[in-house]
Amino acid sequence: MKKVLVVDDERDVCALLQHILKGQGYKTEIAHNGTECLDKIKYFKPDLVMLDINMPHMDGWQVLECLRSSAKTKELPVIMCTERNMIGDIDRADKFGINGYITKPFIVERVLRKVEDNFCKIKA
């Protein structure tokens with residue numbers, strides 16, 4: 001079973017994404033900030049991270065920097081899930097080598113397509 005870590009400070013967003021993903025057979029875990037995300041990655045060992053940008057304690061950019069600078073997580077697929085839909089943010093995310101960019105409010109089919117596309121790439 002593929003594992004997805006959902007990281008967002010908004011509890012309702014986490015609950016929605018968790019519901020969507022569990023409904024498709026994914027095992028999920030939730031983190032509400034960047035620090036908690038990095039801690040959960042160590043023991044949950046997700047196959048994919050869905051990461052918000054604006055969070056307390058450590059934002060999504062700082063999390064990405066940590067993930068990409070570690071040999072253990074530099075290849076971990078990350079999909080950014082954010083309200084921010086600015087070209088500068090999308091370009092910055094691309095420079096970090098993210099695997100997808102989804103804006104809120106979510107379209108369920110788009111979320112599932114991005115997740116499934118990443119798992120297809122992992123298998124290849």
# chains A, B, ... in the order shown; residues from 1 in each chain; ligands from 1

call {"tool": "residues_around", "arguments": {"residues": "A:Lys3", "least_positions_apart": "6", "cutoff": "7 Å", "atoms": "only C-alpha atoms", "output": "VMD selection string"}}
result
chain A and resid 26 to 28 46 to 48

call {"tool": "write_last_selection", "arguments": {"atoms": "N, CA and C atoms", "output": "PDB file, in the first residue's frame"}}
result
ATOM      1  N   TYR A  26      -4.979   4.547  -0.393  1.00  0.00           N
ATOM      2  CA  TYR A  26      -3.674   4.997   0.085  1.00  0.00           C
ATOM      3  C   TYR A  26      -3.654   5.044   1.602  1.00  0.00           C
ATOM      4  N   LYS A  27      -2.518   4.728   2.190  1.00  0.00           N
ATOM      5  CA  LYS A  27      -2.322   4.895   3.623  1.00  0.00           C
ATOM      6  C   LYS A  27      -1.852   6.330   3.821  1.00  0.00           C
ATOM      7  N   THR A  28      -2.445   7.030   4.780  1.00  0.00           N
ATOM      8  CA  THR A  28      -2.109   8.444   4.956  1.00  0.00           C
ATOM      9  C   THR A  28      -1.722   8.748   6.396  1.00  0.00           C
ATOM     10  N   PRO A  46       6.955   8.031   3.943  1.00  0.00           N
ATOM     11  CA  PRO A  46       5.960   8.145   2.868  1.00  0.00           C
ATOM     12  C   PRO A  46       6.583   7.941   1.487  1.00  0.00           C
ATOM     13  N   ASP A  47       5.729   7.545   0.569  1.00  0.00           N
ATOM     14  CA  ASP A  47       6.124   7.426  -0.838  1.00  0.00           C
ATOM     15  C   ASP A  47       5.916   8.748  -1.555  1.00  0.00           C
ATOM     16  N   LEU A  48       5.135   9.649  -0.949  1.00  0.00           N
ATOM     17  CA  LEU A  48       4.776  10.938  -1.537  1.00  0.00           C
ATOM     18  C   LEU A  48       4.387  11.888  -0.415  1.00  0.00           C
TER      19      LEU A  48
END

call {"tool": "select_by_dssp", "arguments": {"residues": "stretch 23-99 of chain A", "states": "strand (DSSP E)", "output": "list in words"}}
result
Lys27, Thr28, Glu29, Ile30, Ala31, Leu48, Val49, Met50, Leu51, Val78, Ile79, Met80, Cys81 and Thr82 of chain A

call {"tool": "write_last_selection", "arguments": {"atoms": "N, CA, C and O atoms", "output": "PDB file, in the first residue's frame"}}
result
ATOM      1  N   LYS A  27      -2.518   4.728   2.190  1.00  0.00           N
ATOM      2  CA  LYS A  27      -2.322   4.895   3.623  1.00  0.00           C
ATOM      3  C   LYS A  27      -1.852   6.330   3.821  1.00  0.00           C
ATOM      4  O   LYS A  27      -0.958   6.791   3.104  1.00  0.00           O
ATOM      5  N   THR A  28      -2.445   7.030   4.780  1.00  0.00           N
ATOM      6  CA  THR A  28      -2.109   8.444   4.956  1.00  0.00           C
ATOM      7  C   THR A  28      -1.722   8.748   6.396  1.00  0.00           C
ATOM      8  O   THR A  28      -2.109   8.043   7.330  1.00  0.00           O
ATOM      9  N   GLU A  29      -0.964   9.795   6.516  1.00  0.00           N
ATOM     10  CA  GLU A  29      -0.592  10.358   7.809  1.00  0.00           C
ATOM     11  C   GLU A  29      -0.669  11.870   7.619  1.00  0.00           C
ATOM     12  O   GLU A  29      -0.511  12.377   6.506  1.00  0.00           O
ATOM     13  N   ILE A  30      -0.906  12.595   8.710  1.00  0.00           N
ATOM     14  CA  ILE A  30      -1.070  14.052   8.647  1.00  0.00           C
ATOM     15  C   ILE A  30      -0.018  14.737   9.508  1.00  0.00           C
ATOM     16  O   ILE A  30       0.316  14.265  10.591  1.00  0.00           O
ATOM     17  N   ALA A  31       0.461  15.877   9.012  1.00  0.00           N
ATOM     18  CA  ALA A  31       1.314  16.783   9.783  1.00  0.00           C
ATOM     19  C   ALA A  31       0.744  18.188   9.606  1.00  0.00           C
ATOM     20  O   ALA A  31       0.252  18.521   8.520  1.00  0.00           O
ATOM     21  N   LEU A  48       5.135   9.649  -0.949  1.00  0.00           N
ATOM     22  CA  LEU A  48       4.776  10.938  -1.537  1.00  0.00           C
ATOM     23  C   LEU A  48       4.387  11.888  -0.415  1.00  0.00           C
ATOM     24  O   LEU A  48       3.775  11.475   0.563  1.00  0.00           O
ATOM     25  N   VAL A  49       4.728  13.171  -0.583  1.00  0.00           N
ATOM     26  CA  VAL A  49       4.330  14.212   0.373  1.00  0.00           C
ATOM     27  C   VAL A  49       3.488  15.241  -0.367  1.00  0.00           C
ATOM     28  O   VAL A  49       3.874  15.709  -1.437  1.00  0.00           O
ATOM     29  N   MET A  50       2.334  15.581   0.222  1.00  0.00           N
ATOM     30  CA  MET A  50       1.509  16.675  -0.277  1.00  0.00           C
ATOM     31  C   MET A  50       1.730  17.816   0.702  1.00  0.00           C
ATOM     32  O   MET A  50       1.385  17.706   1.875  1.00  0.00           O
ATOM     33  N   LEU A  51       2.334  18.911   0.228  1.00  0.00           N
ATOM     34  CA  LEU A  51       2.892  19.944   1.097  1.00  0.00           C
ATOM     35  C   LEU A  51       2.317  21.323   0.819  1.00  0.00           C
ATOM     36  O   LEU A  51       2.378  21.825  -0.301  1.00  0.00           O
ATOM     37  N   VAL A  78       7.179  15.233  -4.136  1.00  0.00           N
ATOM     38  CA  VAL A  78       6.434  16.249  -3.393  1.00  0.00           C
ATOM     39  C   VAL A  78       5.470  16.941  -4.342  1.00  0.00           C
ATOM     40  O   VAL A  78       5.851  17.370  -5.432  1.00  0.00           O
ATOM     41  N   ILE A  79       4.224  17.028  -3.901  1.00  0.00           N
ATOM     42  CA  ILE A  79       3.209  17.803  -4.616  1.00  0.00           C
ATOM     43  C   ILE A  79       2.866  18.988  -3.730  1.00  0.00           C
ATOM     44  O   ILE A  79       2.468  18.809  -2.571  1.00  0.00           O
ATOM     45  N   MET A  80       3.044  20.190  -4.249  1.00  0.00           N
ATOM     46  CA  MET A  80       2.678  21.396  -3.507  1.00  0.00           C
ATOM     47  C   MET A  80       1.160  21.576  -3.605  1.00  0.00           C
ATOM     48  O   MET A  80       0.591  21.469  -4.690  1.00  0.00           O
ATOM     49  N   CYS A  81       0.535  21.849  -2.465  1.00  0.00           N
ATOM     50  CA  CYS A  81      -0.911  22.086  -2.389  1.00  0.00           C
ATOM     51  C   CYS A  81      -1.096  23.418  -1.684  1.00  0.00           C
ATOM     52  O   CYS A  81      -0.896  23.505  -0.471  1.00  0.00           O
ATOM     53  N   THR A  82      -1.478  24.431  -2.418  1.00  0.00           N
ATOM     54  CA  THR A  82      -1.459  25.769  -1.844  1.00  0.00           C
ATOM     55  C   THR A  82      -2.523  26.671  -2.445  1.00  0.00           C
ATOM     56  O   THR A  82      -3.026  26.405  -3.540  1.00  0.00           O
TER      57      THR A  82
END

call {"tool": "atom_distance", "arguments": {"atom1": "atom CA of A:Asp52", "atom2": "atom CA of A:Glu83"}}
result
8.5 Å

call {"tool": "residues_around", "arguments": {"residues": "A:Glu75", "least_positions_apart": "6", "cutoff": "9 Å", "atoms": "only C-alpha atoms", "output": "ChimeraX atom specification"}}
result
/A:67-68,97

call {"tool": "atom_distance", "arguments": {"atom1": "atom CA of A:Lys114", "atom2": "atom CA of A:Ile41"}}
result
20.2 Å

call {"tool": "closest_residue", "arguments": {"among": "A:Met58, A:Val6, A:Leu64, A:Ala15", "to": "A:Phe44", "atoms": "only C-alpha atoms"}}
result
A:Val6

call {"tool": "closest_residue", "arguments": {"among": "A:Glu109, A:Asp8, A:Asp39, A:Asp94", "to": "A:Met55", "atoms": "only C-alpha atoms"}}
result
A:Asp8

call {"tool": "closest_residue", "arguments": {"among": "A:Ile90, A:Ile53, A:Leu21, A:Ala71", "to": "A:Val115", "atoms": "only C-alpha atoms"}}
result
A:Leu21

call {"tool": "closest_residue", "arguments": {"among": "A:Met1, A:Ile98, A:Val63, A:Val7", "to": "A:His32", "atoms": "only C-alpha atoms"}}
result
A:Val7

call {"tool": "closest_residue", "arguments": {"among": "A:Leu76, A:Lys42, A:Asn54, A:Leu112", "to": "A:Gln18", "atoms": "only C-alpha atoms"}}
result
A:Leu112
